[in-house]
file final.cif (mmCIF, C-alpha atoms)
data_run
loop_
_atom_site.label_atom_id
_atom_site.label_comp_id
_atom_site.auth_asym_id
_atom_site.auth_seq_id
_atom_site.Cartn_x
_atom_site.Cartn_y
_atom_site.Cartn_z
CA MET K 1 0.00 0.00 0.00
CA SER K 2 1.47 3.36 -0.99
CA GLY K 3 1.35 6.42 1.24
CA LEU K 4 -1.31 7.94 -0.97
CA GLU K 5 -3.45 4.77 -0.89
CA PHE K 6 -3.14 4.68 2.86
CA CYS K 7 -4.33 8.32 3.05
CA GLN K 8 -7.23 7.54 0.72
CA TRP K 9 -8.20 4.63 2.96
CA LEU K 10 -7.84 6.91 6.01
CA ALA K 11 -10.09 9.55 4.43
CA ASP K 12 -12.93 7.04 4.13
CA THR K 13 -12.85 5.96 7.76
CA PRO K 14 -15.84 7.20 9.80
CA GLY K 15 -13.59 9.04 12.25
CA SER K 16 -11.99 11.11 9.53
CA ILE K 17 -15.33 12.06 8.02
CA ALA K 18 -16.82 12.90 11.43
CA LEU K 19 -13.83 15.06 12.31
CA HIS K 20 -13.88 16.82 8.97
CA GLU K 21 -17.55 17.63 9.21
CA GLY K 22 -17.59 18.24 12.95
CA PRO K 23 -15.14 19.81 15.37
CA TYR K 24 -12.43 20.63 12.80
CA ALA K 25 -12.43 24.37 13.59
CA LEU K 26 -12.15 23.66 17.30
CA VAL K 27 -9.20 21.28 16.87
CA GLU K 28 -7.55 23.80 14.55
CA SER K 29 -7.97 26.57 17.16
CA VAL K 30 -6.46 24.40 19.88
CA HIS K 31 -3.54 23.63 17.55
CA VAL K 32 -2.92 27.33 16.83
CA LEU K 33 -3.43 28.70 20.34
CA THR K 34 -1.26 26.02 21.99
CA LEU K 35 1.57 27.66 20.04
CA CYS K 36 1.64 30.20 22.87
CA ILE K 37 2.43 27.54 25.45
CA PHE K 38 4.69 25.31 23.39
CA LEU K 39 6.51 27.66 21.05
CA GLY K 40 6.18 30.76 23.24
CA LEU K 41 8.12 29.07 26.03
CA ALA K 42 10.52 27.18 23.74
CA LEU K 43 11.34 30.50 22.09
CA MET K 44 12.18 32.04 25.44
CA PHE K 45 14.65 29.23 26.06
CA ASP K 46 16.27 29.77 22.65
CA LEU K 47 16.50 33.49 23.37
CA ARG K 48 18.14 32.73 26.73
CA LEU K 49 20.76 30.61 24.95
CA LEU K 50 21.42 33.53 22.63
CA GLY K 51 21.84 35.80 25.64
CA VAL K 52 18.99 38.06 24.58
CA THR K 53 16.77 37.63 27.63
CA MET K 54 16.93 36.38 31.23
CA ARG K 55 20.72 36.72 31.17
CA ARG K 56 20.92 36.41 34.94
CA VAL K 57 18.82 33.24 35.15
CA PRO K 58 20.86 29.98 34.99
CA VAL K 59 20.24 28.14 31.70
CA SER K 60 19.56 24.87 33.54
CA GLU K 61 16.95 26.66 35.67
CA VAL K 62 15.10 27.90 32.58
CA ALA K 63 15.29 24.42 31.04
CA HIS K 64 14.28 22.63 34.22
CA ARG K 65 11.32 24.91 35.04
CA LEU K 66 9.96 25.43 31.54
CA LEU K 67 10.62 22.08 29.89
CA PRO K 68 7.63 20.28 31.49
CA TRP K 69 5.32 22.98 30.09
CA THR K 70 6.99 22.94 26.71
CA VAL K 71 6.67 19.15 26.55
CA ALA K 72 3.01 19.29 27.61
CA GLY K 73 2.36 21.94 24.94
CA PHE K 74 4.17 19.82 22.36
CA VAL K 75 2.04 16.78 23.19
CA ILE K 76 -1.11 18.87 22.58
CA MET K 77 0.41 20.17 19.33
CA VAL K 78 1.17 16.65 18.10
CA ILE K 79 -2.24 15.22 19.04
CA SER K 80 -4.22 18.13 17.56
CA GLY K 81 -1.92 18.18 14.52
CA ALA K 82 -2.41 14.45 13.95
CA LEU K 83 -6.19 14.93 14.22
CA LEU K 84 -6.04 17.74 11.63
CA PHE K 85 -4.14 15.42 9.29
CA TYR K 86 -6.60 12.61 9.98
CA ALA K 87 -9.50 14.93 9.07
CA ILE K 88 -8.00 15.86 5.67
CA PRO K 89 -5.45 13.13 4.87
CA VAL K 90 -5.18 13.09 1.07
CA ARG K 91 -4.93 16.83 0.53
CA SER K 92 -2.45 17.20 3.41
CA TYR K 93 -0.34 14.30 2.15
CA GLN K 94 -0.10 15.96 -1.27
CA SER K 95 0.58 19.43 0.11
CA ILE K 96 4.11 20.72 -0.51
CA TRP K 97 3.70 22.95 2.59
CA PHE K 98 2.82 19.96 4.75
CA ARG K 99 5.76 17.97 3.38
CA PHE K 100 8.11 20.89 3.92
CA LYS K 101 6.78 21.31 7.46
CA ILE K 102 7.41 17.65 8.31
CA VAL K 103 11.00 17.86 7.03
CA MET K 104 11.59 21.00 9.13
CA LEU K 105 10.02 19.27 12.16
CA ILE K 106 12.44 16.37 11.78
CA LEU K 107 15.35 18.81 11.56
CA ALA K 108 14.09 20.65 14.66
CA GLY K 109 13.88 17.30 16.48
CA LEU K 110 17.46 16.43 15.46
CA ASN K 111 18.57 19.85 16.66
CA VAL K 112 17.06 19.18 20.10
CA LEU K 113 18.67 15.73 20.19
CA ILE K 114 22.11 17.04 19.28
CA PHE K 115 21.80 19.90 21.78
CA HIS K 116 20.79 17.68 24.69
CA SER K 117 23.30 14.92 23.99
CA GLY K 118 26.07 17.41 23.24
CA ILE K 119 26.76 20.84 24.69
CA TYR K 120 23.90 20.69 27.22
CA ARG K 121 25.56 17.76 29.02
CA ARG K 122 28.23 20.17 30.14
CA VAL K 123 25.74 22.90 31.09
CA ALA K 124 27.27 23.10 34.59
CA ASP K 125 30.34 24.71 33.00
CA TRP K 126 28.39 27.55 31.37
CA ASP K 127 25.12 27.66 33.32
CA LEU K 128 25.64 31.19 34.60
CA ASP K 129 27.14 32.69 31.42
CA ALA K 130 24.97 35.56 30.17
CA VAL K 131 25.68 34.33 26.63
CA ALA K 132 25.92 30.57 26.08
CA PRO K 133 28.88 28.95 24.21
CA ARG K 134 28.86 28.92 20.45
CA ALA K 135 27.44 25.39 20.05
CA ALA K 136 24.50 26.25 22.31
CA ARG K 137 23.90 29.58 20.55
CA LEU K 138 23.93 27.75 17.24
CA ALA K 139 21.29 25.32 18.54
CA GLY K 140 19.16 28.24 19.76
CA ALA K 141 19.44 30.15 16.48
CA LEU K 142 18.75 27.04 14.41
CA SER K 143 15.70 26.29 16.53
CA LEU K 144 14.35 29.83 15.99
CA VAL K 145 14.81 29.64 12.21
CA LEU K 146 13.30 26.15 11.94
CA TRP K 147 10.26 27.04 14.05
CA VAL K 148 9.59 30.23 12.08
CA LEU K 149 9.60 28.09 8.92
CA ILE K 150 7.37 25.47 10.59
CA VAL K 151 4.79 28.06 11.67
CA LEU K 152 4.76 29.80 8.29
CA SER K 153 4.56 26.60 6.24
CA GLY K 154 1.90 25.25 8.62
CA ARG K 155 -0.26 28.31 8.00
CA MET K 156 0.20 27.95 4.23
CA ILE K 157 -1.23 24.39 4.22
CA ALA K 158 -4.67 26.03 4.35
CA TYR K 159 -4.16 27.72 0.96
CA ASN K 160 -4.69 25.87 -2.30
CA TRP K 161 -2.19 27.49 -4.70
CA PHE K 162 -0.24 24.27 -5.16
CA ASP K 163 -3.05 21.74 -4.79
CA CYS K 164 -2.94 18.73 -7.10
CA TYR K 165 -6.35 19.38 -8.64
CA LYS K 166 -4.97 22.54 -10.25
CA PRO K 167 -2.53 22.53 -13.17
CA GLN K 168 0.95 22.56 -11.59
CA SER K 169 4.51 22.79 -12.82
CA ALA K 170 6.53 19.57 -13.12
CA LEU K 171 8.47 20.51 -9.98
CA VAL K 172 5.38 20.98 -7.82
CA THR K 173 3.83 17.81 -9.25
CA LEU K 174 6.94 15.89 -8.24
CA LEU K 175 7.33 17.46 -4.78
CA ALA K 176 3.63 17.12 -3.91
CA GLY K 177 3.43 13.59 -5.28
CA CYS K 178 0.49 14.49 -7.52
CA VAL K 179 -0.83 11.67 -9.68
CA PRO K 180 -1.49 12.96 -13.23
CA GLY K 181 -5.16 12.67 -14.11
CA ASP K 182 -6.15 12.03 -10.51
CA LEU K 183 -8.32 14.85 -9.24
CA ALA K 184 -8.51 13.60 -5.67
CA GLY K 185 -7.43 15.86 -2.87
CA ARG K 186 -10.01 18.57 -2.81
CA MET E 187 -23.52 57.01 14.55
CA SER E 188 -22.61 53.78 12.80
CA LEU E 189 -18.99 52.83 12.23
CA LEU E 190 -19.88 51.09 8.98
CA PRO E 191 -18.85 53.98 6.68
CA LEU E 192 -15.46 54.07 8.38
CA PHE E 193 -15.03 50.31 7.90
CA GLU E 194 -16.06 50.62 4.26
CA TRP E 195 -13.52 53.37 3.80
CA CYS E 196 -10.76 51.17 5.34
CA GLU E 197 -11.53 48.41 2.89
CA ASN E 198 -11.39 50.75 -0.11
CA VAL E 199 -8.15 52.43 0.84
CA GLY E 200 -5.19 51.35 -1.35
CA VAL E 201 -3.58 49.02 1.20
CA GLY E 202 -6.74 47.06 1.97
CA GLN E 203 -7.51 46.70 -1.72
CA ALA E 204 -3.99 45.57 -2.57
CA ILE E 205 -4.08 42.88 0.14
CA ARG E 206 -7.53 41.70 -0.96
CA ILE E 207 -6.61 41.48 -4.63
CA SER E 208 -3.30 39.72 -4.01
CA ASP E 209 -3.26 35.92 -3.77
CA TRP E 210 -0.44 35.72 -1.29
CA LEU E 211 -0.29 39.00 0.68
CA PHE E 212 -3.01 38.01 3.16
CA PRO E 213 -1.49 34.59 3.98
CA VAL E 214 2.00 36.04 4.40
CA ILE E 215 0.83 38.86 6.70
CA GLU E 216 -1.24 36.29 8.58
CA GLY E 217 1.89 34.16 8.98
CA PHE E 218 3.73 37.04 10.64
CA HIS E 219 0.67 37.76 12.80
CA LEU E 220 0.96 34.14 13.95
CA LEU E 221 4.69 34.45 14.70
CA GLY E 222 3.86 37.52 16.78
CA LEU E 223 1.33 35.37 18.65
CA CYS E 224 4.07 32.92 19.66
CA VAL E 225 6.29 35.68 21.04
CA ILE E 226 3.54 37.58 22.86
CA GLY E 227 2.22 34.27 24.19
CA GLY E 228 5.63 33.36 25.60
CA ALA E 229 6.28 36.80 27.08
CA ILE E 230 2.90 36.96 28.82
CA LEU E 231 2.80 33.32 29.93
CA LEU E 232 6.24 33.39 31.50
CA VAL E 233 5.24 36.22 33.86
CA ASP E 234 1.65 35.08 34.48
CA MET E 235 2.90 31.57 35.30
CA ARG E 236 5.38 33.08 37.73
CA LEU E 237 2.55 35.09 39.36
CA LEU E 238 0.70 31.78 39.78
CA GLY E 239 3.77 30.22 41.37
CA LEU E 240 4.58 28.08 38.33
CA GLY E 241 7.53 27.89 35.96
CA LEU E 242 10.48 30.13 36.87
CA ARG E 243 9.36 30.55 40.43
CA ARG E 244 12.81 31.02 41.93
CA GLN E 245 13.28 34.27 39.99
CA PRO E 246 11.96 37.60 41.28
CA ILE E 247 8.74 38.59 39.48
CA ALA E 248 10.04 42.06 38.68
CA GLU E 249 13.17 40.64 37.04
CA LEU E 250 11.16 38.34 34.76
CA ALA E 251 8.76 41.16 33.93
CA ARG E 252 11.65 43.47 32.99
CA ASP E 253 13.43 40.74 30.99
CA THR E 254 10.38 39.85 28.92
CA ARG E 255 9.11 43.43 28.49
CA PRO E 256 10.95 44.20 25.22
CA PHE E 257 9.43 41.05 23.71
CA LEU E 258 5.97 41.92 24.96
CA LEU E 259 6.18 45.43 23.49
CA GLY E 260 7.86 44.31 20.26
CA SER E 261 5.43 41.50 19.55
CA LEU E 262 2.46 43.71 20.46
CA ALA E 263 3.67 46.23 17.88
CA VAL E 264 3.99 43.48 15.24
CA MET E 265 0.53 42.17 16.13
CA LEU E 266 -1.07 45.62 15.87
CA VAL E 267 0.54 46.47 12.53
CA THR E 268 -0.12 43.09 10.88
CA GLY E 269 -3.58 42.95 12.47
CA LEU E 270 -4.47 46.37 11.09
CA LEU E 271 -3.33 45.28 7.61
CA LEU E 272 -5.41 42.08 7.78
CA PHE E 273 -8.38 44.11 9.04
CA SER E 274 -8.11 46.66 6.24
CA SER E 275 -8.51 43.91 3.65
CA GLU E 276 -11.81 42.66 5.10
CA ALA E 277 -13.13 45.47 7.26
CA VAL E 278 -16.78 45.10 6.25
CA LYS E 279 -16.74 41.36 6.99
CA CYS E 280 -15.30 42.22 10.41
CA TYR E 281 -18.03 44.80 11.01
CA TYR E 282 -20.63 42.04 10.85
CA SER E 283 -18.52 39.48 12.76
CA PHE E 284 -19.28 38.84 16.43
CA ALA E 285 -15.81 37.26 16.82
CA PHE E 286 -14.20 40.51 15.65
CA TRP E 287 -16.00 42.68 18.21
CA PHE E 288 -15.37 40.10 20.92
CA LYS E 289 -11.69 40.17 20.08
CA MET E 290 -11.47 43.97 19.98
CA THR E 291 -13.23 44.30 23.33
CA SER E 292 -10.93 41.69 24.88
CA LEU E 293 -7.92 43.36 23.30
CA ALA E 294 -8.78 46.81 24.63
CA LEU E 295 -9.36 45.40 28.12
CA ALA E 296 -6.20 43.23 27.93
CA ILE E 297 -4.00 46.17 26.92
CA ILE E 298 -5.44 48.47 29.58
CA PHE E 299 -5.11 45.79 32.27
CA THR E 300 -1.58 44.80 31.21
CA PHE E 301 -0.20 48.32 31.25
CA THR E 302 -1.94 49.47 34.42
CA VAL E 303 -2.73 46.90 37.12
CA ARG E 304 -0.49 44.07 35.89
CA GLN E 305 2.44 46.36 35.20
CA ARG E 306 2.22 47.91 38.68
CA VAL E 307 2.06 44.50 40.33
CA THR E 308 4.82 42.83 38.31
CA LEU E 309 7.30 45.67 38.63
CA MET E 310 6.76 45.87 42.38
CA ASP E 311 9.14 44.35 44.86
CA ASP E 312 8.12 40.67 45.43
CA ALA E 313 7.78 41.14 49.16
CA ARG E 314 4.98 43.65 48.68
CA ILE E 315 2.72 41.48 46.52
CA SER E 316 0.34 39.17 48.31
CA PRO E 317 0.24 35.74 46.64
CA ILE E 318 -3.52 35.94 46.29
CA LYS E 319 -3.40 39.30 44.55
CA ALA E 320 -0.65 38.00 42.25
CA ARG E 321 -2.77 34.97 41.33
CA ILE E 322 -5.84 37.08 40.59
CA VAL E 323 -3.83 39.42 38.35
CA ALA E 324 -2.41 36.41 36.45
CA LEU E 325 -5.81 34.79 35.98
CA VAL E 326 -7.42 38.03 34.73
CA SER E 327 -4.50 38.57 32.34
CA LEU E 328 -4.70 34.99 31.03
CA ALA E 329 -8.48 35.21 30.63
CA LEU E 330 -8.32 38.50 28.70
CA TRP E 331 -5.48 37.45 26.39
CA SER E 332 -7.14 34.06 25.77
CA GLY E 333 -10.24 35.97 24.71
CA VAL E 334 -8.11 37.88 22.21
CA GLY E 335 -6.61 34.65 20.84
CA TRP E 336 -9.84 32.67 20.54
CA GLY E 337 -11.74 35.66 19.15
CA GLY E 338 -8.99 36.21 16.61
CA ARG E 339 -8.95 32.61 15.44
CA TRP E 340 -12.72 32.67 15.16
CA ILE E 341 -12.79 35.71 12.83
CA GLY E 342 -11.39 33.37 10.20
CA PHE E 343 -14.17 30.86 10.69
CA SER E 344 -17.05 33.38 10.70
#

call {"tool": "encode", "arguments": {"input": "final.cif", "output": "structure tokens"}}
result
Amino acid sequence: MSGLEFCQWLADTPGSIALHEGPYALVESVHVLTLCIFLGLALMFDLRLLGVTMRRVPVSEVAHRLLPWTVAGFVIMVISGALLFYAIPVRSYQSIWFRFKIVMLILAGLNVLIFHSGIYRRVADWDLDAVAPRAARLAGALSLVLWVLIVLSGRMIAYNWFDCYKPQSALVTLLAGCVPGDLAGR
Amino acid sequence: MSLLPLFEWCENVGVGQAIRISDWLFPVIEGFHLLGLCVIGGAILLVDMRLLGLGLRRQPIAELARDTRPFLLGSLAVMLVTGLLLFSSEAVKCYYSFAFWFKMTSLALAIIFTFTVRQRVTLMDDARISPIKARIVALVSLALWSGVGWGGRWIGFS
């Protein structure tokens, strides 16, 4: 079963249809407004690494006190995001914005992984520095850039400029995985 | 006097028209409005959580309030400018939208509250704030700003 076939199967499940016709707007609002909790706080941590804010607060203190909230926010983001995909699977699967967003999300995840298994292990050495060492600043800056791209591309999923049912360039057709002649994905 | 003629004028001014005619201007401005939401959300939450005794509770309230203030002011400016641009492209729709008026009322109250009561409390010396008063201020702030957020999201659905 290809990814597209799986999404087509998913779209026909009762849950997907019910979600699409029912509380979609509510789930979407939760997804957007939880940005304040998840990304708002994650951003503050990145800015602390860059030495732009809370310069007198130990980095480990910011991480330790805010991380539980950031993680909780992220869980809500993932669940609501998965529900949004489940409600409109085929169109999302063939959206270049969605695909771009997923790639950026993976990169953001790798960034977190590298940060926590690398420079953050030695946080005791630089905990009180107003400006974190270069590797930590790089992680913070990278995180900011990736999340800006994730938010922007996420918002663009709603717009249909590059949808498969419209005539598209060869590049978009390839990137979106459009099937020529197939008008699915309204 | 009805505000409708003013709203109609906004929509017909060059900027509003340009945004409405363009395919991509509205989404891009909306994207930046959303990025502003993340920053303002973080800046407000950090301090309100602290007032509730959550998050960075070992730091003095006044220090957190001062540290996050540039981000609060900066993101508020971005929100107001991008919000005004979005509004100008669909002012008449907004005029008839309950969500819009709900948001604007919440926004006015949130701004007044933030820069009067909340500002006085957060910039005060910790020892002089009673925990109960701090909690009430945080809850009012969170309620008002949530109203702005939900109302804003709902303009798009109405």

call {"tool": "closest_residue", "arguments": {"input": "final.cif", "among": "K:Val57, K:Ala18, K:Leu33, K:Leu105", "to": "Val334 in chain E", "atoms": "all atoms listed in the file"}}
result
K:Leu33

call {"tool": "residues_around", "arguments": {"input": "final.cif", "residues": "Cys178 in chain K", "least_positions_apart": "5", "cutoff": "7 Å", "atoms": "only C-alpha atoms", "output": "PDB file with C-alpha atoms, in the frame of the given file"}}
result
ATOM      1  CA  GLN K  94      -0.100  15.960  -1.270  1.00  0.00           C
ATOM      2  CA  CYS K 164      -2.940  18.730  -7.100  1.00  0.00           C
ATOM      3  CA  THR K 173       3.830  17.810  -9.250  1.00  0.00           C
TER       4      THR K 173
END

call {"tool": "closest_atom_pairs", "arguments": {"input": "final.cif", "of": "chain E", "to": "chain K", "cutoff": "6 Å", "atoms": "all atoms listed in the file", "output": "Markdown table"}}
result
| residue | atom | partner | partner_atom | distance |
| --- | --- | --- | --- | --- |
| E:Gly217 | CA | K:Leu152 | CA | 5.3 |
| E:Cys224 | CA | K:Gly40 | CA | 4.7 |
| E:Val225 | CA | K:Gly40 | CA | 5.4 |
| E:Gly227 | CA | K:Cys36 | CA | 4.3 |
| E:Gly228 | CA | K:Gly40 | CA | 3.6 |
| E:Gly241 | CA | K:Arg65 | CA | 4.9 |
| E:Leu242 | CA | K:Arg65 | CA | 5.6 |
| E:Asp253 | CA | K:Met54 | CA | 5.6 |

call {"tool": "resolve_selection", "arguments": {"input": "final.cif", "expression": "the PyMOL selection byres ((chain K and resi 102) around 12)", "output": "PDB file with C-alpha atoms, in the coordinates of the input"}}
result
ATOM      1  CA  VAL K  78       1.170  16.650  18.100  1.00  0.00           C
ATOM      2  CA  GLY K  81      -1.920  18.180  14.520  1.00  0.00           C
ATOM      3  CA  ALA K  82      -2.410  14.450  13.950  1.00  0.00           C
ATOM      4  CA  PHE K  85      -4.140  15.420   9.290  1.00  0.00           C
ATOM      5  CA  SER K  92      -2.450  17.200   3.410  1.00  0.00           C
ATOM      6  CA  TYR K  93      -0.340  14.300   2.150  1.00  0.00           C
ATOM      7  CA  SER K  95       0.580  19.430   0.110  1.00  0.00           C
ATOM      8  CA  ILE K  96       4.110  20.720  -0.510  1.00  0.00           C
ATOM      9  CA  TRP K  97       3.700  22.950   2.590  1.00  0.00           C
ATOM     10  CA  PHE K  98       2.820  19.960   4.750  1.00  0.00           C
ATOM     11  CA  ARG K  99       5.760  17.970   3.380  1.00  0.00           C
ATOM     12  CA  PHE K 100       8.110  20.890   3.920  1.00  0.00           C
ATOM     13  CA  LYS K 101       6.780  21.310   7.460  1.00  0.00           C
ATOM     14  CA  VAL K 103      11.000  17.860   7.030  1.00  0.00           C
ATOM     15  CA  MET K 104      11.590  21.000   9.130  1.00  0.00           C
ATOM     16  CA  LEU K 105      10.020  19.270  12.160  1.00  0.00           C
ATOM     17  CA  ILE K 106      12.440  16.370  11.780  1.00  0.00           C
ATOM     18  CA  LEU K 107      15.350  18.810  11.560  1.00  0.00           C
ATOM     19  CA  ALA K 108      14.090  20.650  14.660  1.00  0.00           C
ATOM     20  CA  GLY K 109      13.880  17.300  16.480  1.00  0.00           C
ATOM     21  CA  LEU K 146      13.300  26.150  11.940  1.00  0.00           C
ATOM     22  CA  TRP K 147      10.260  27.040  14.050  1.00  0.00           C
ATOM     23  CA  LEU K 149       9.600  28.090   8.920  1.00  0.00           C
ATOM     24  CA  ILE K 150       7.370  25.470  10.590  1.00  0.00           C
ATOM     25  CA  VAL K 151       4.790  28.060  11.670  1.00  0.00           C
ATOM     26  CA  SER K 153       4.560  26.600   6.240  1.00  0.00           C
ATOM     27  CA  GLY K 154       1.900  25.250   8.620  1.00  0.00           C
ATOM     28  CA  ILE K 157      -1.230  24.390   4.220  1.00  0.00           C
TER      29      ILE K 157
END

call {"tool": "atom_distance", "arguments": {"input": "final.cif", "atom1": "CA of Phe115 in chain K", "atom2": "CA of Leu220 in chain E"}}
result
26.4 Å

call {"tool": "resolve_selection", "arguments": {"input": "final.cif", "expression": "the PyMOL selection byres ((chain E and resi 261) around 8)", "output": "list in words"}}
result
Gly222, Leu223, Val225, Ile226, Phe257, Leu258, Leu259, Gly260, Leu262, Ala263, Val264 and Met265 of chain E

call {"tool": "resolve_selection", "arguments": {"input": "final.cif", "expression": "the PyMOL selection byres ((chain E and resi 325) around 12)", "output": "MDAnalysis selection string"}}
result
chainID E and resid 230:231 233:239 296 299:300 304 318:324 326:332

call {"tool": "decode", "arguments": {"input": "final.cif", "residues": "range 263-281 of chain E", "atoms": "N, CA, C and O atoms", "output": "tab-separated table (two decimals), in the first residue's frame"}}
result
chain	number	residue	atom	x	y	z
E	263	ALA	N	3.58	45.32	19.03
E	263	ALA	CA	3.67	46.23	17.88
E	263	ALA	C	3.46	45.47	16.57
E	263	ALA	O	2.70	45.90	15.69
E	264	VAL	N	4.14	44.31	16.46
E	264	VAL	CA	3.99	43.48	15.24
E	264	VAL	C	2.54	43.04	15.08
E	264	VAL	O	1.97	43.09	13.97
E	265	MET	N	1.93	42.63	16.17
E	265	MET	CA	0.53	42.17	16.13
E	265	MET	C	-0.40	43.29	15.67
E	265	MET	O	-1.31	43.07	14.86
E	266	LEU	N	-0.18	44.51	16.21
E	266	LEU	CA	-1.07	45.62	15.87
E	266	LEU	C	-0.92	46.01	14.40
E	266	LEU	O	-1.91	46.23	13.71
E	267	VAL	N	0.33	46.07	13.93
E	267	VAL	CA	0.54	46.47	12.53
E	267	VAL	C	-0.02	45.42	11.57
E	267	VAL	O	-0.80	45.72	10.66
E	268	THR	N	0.37	44.13	11.79
E	268	THR	CA	-0.12	43.09	10.88
E	268	THR	C	-1.64	42.93	11.02
E	268	THR	O	-2.34	42.73	10.03
E	269	GLY	N	-2.14	43.07	12.25
E	269	GLY	CA	-3.58	42.95	12.47
E	269	GLY	C	-4.35	44.03	11.74
E	269	GLY	O	-5.39	43.77	11.12
E	270	LEU	N	-3.82	45.26	11.77
E	270	LEU	CA	-4.47	46.37	11.09
E	270	LEU	C	-4.50	46.13	9.58
E	270	LEU	O	-5.50	46.41	8.90
E	271	LEU	N	-3.39	45.57	9.05
E	271	LEU	CA	-3.33	45.28	7.61
E	271	LEU	C	-4.36	44.22	7.24
E	271	LEU	O	-5.08	44.35	6.24
E	272	LEU	N	-4.43	43.14	8.05
E	272	LEU	CA	-5.41	42.08	7.78
E	272	LEU	C	-6.82	42.66	7.84
E	272	LEU	O	-7.66	42.39	6.97
E	273	PHE	N	-7.06	43.50	8.86
E	273	PHE	CA	-8.38	44.11	9.04
E	273	PHE	C	-8.76	44.95	7.82
E	273	PHE	O	-9.87	44.86	7.31
E	274	SER	N	-7.78	45.74	7.33
E	274	SER	CA	-8.11	46.66	6.24
E	274	SER	C	-8.55	45.92	4.98
E	274	SER	O	-9.23	46.48	4.13
E	275	SER	N	-8.15	44.64	4.86
E	275	SER	CA	-8.51	43.91	3.65
E	275	SER	C	-9.92	43.31	3.74
E	275	SER	O	-10.47	42.88	2.73
E	276	GLU	N	-10.47	43.26	4.95
E	276	GLU	CA	-11.81	42.66	5.10
E	276	GLU	C	-12.60	43.35	6.20
E	276	GLU	O	-13.26	42.70	7.02
E	277	ALA	N	-12.53	44.69	6.18
E	277	ALA	CA	-13.13	45.47	7.26
E	277	ALA	C	-14.65	45.27	7.35
E	277	ALA	O	-15.20	45.16	8.45
E	278	VAL	N	-15.31	45.20	6.21
E	278	VAL	CA	-16.78	45.10	6.25
E	278	VAL	C	-17.21	43.74	6.81
E	278	VAL	O	-18.14	43.64	7.60
E	279	LYS	N	-16.47	42.68	6.41
E	279	LYS	CA	-16.74	41.36	6.99
E	279	LYS	C	-16.59	41.42	8.51
E	279	LYS	O	-17.40	40.87	9.26
E	280	CYS	N	-15.54	42.10	8.97
E	280	CYS	CA	-15.30	42.22	10.41
E	280	CYS	C	-16.44	42.96	11.10
E	280	CYS	O	-16.84	42.60	12.20
E	281	TYR	N	-16.96	44.00	10.41
E	281	TYR	CA	-18.03	44.80	11.01
E	281	TYR	C	-19.20	43.91	11.40
E	281	TYR	O	-19.84	44.12	12.41
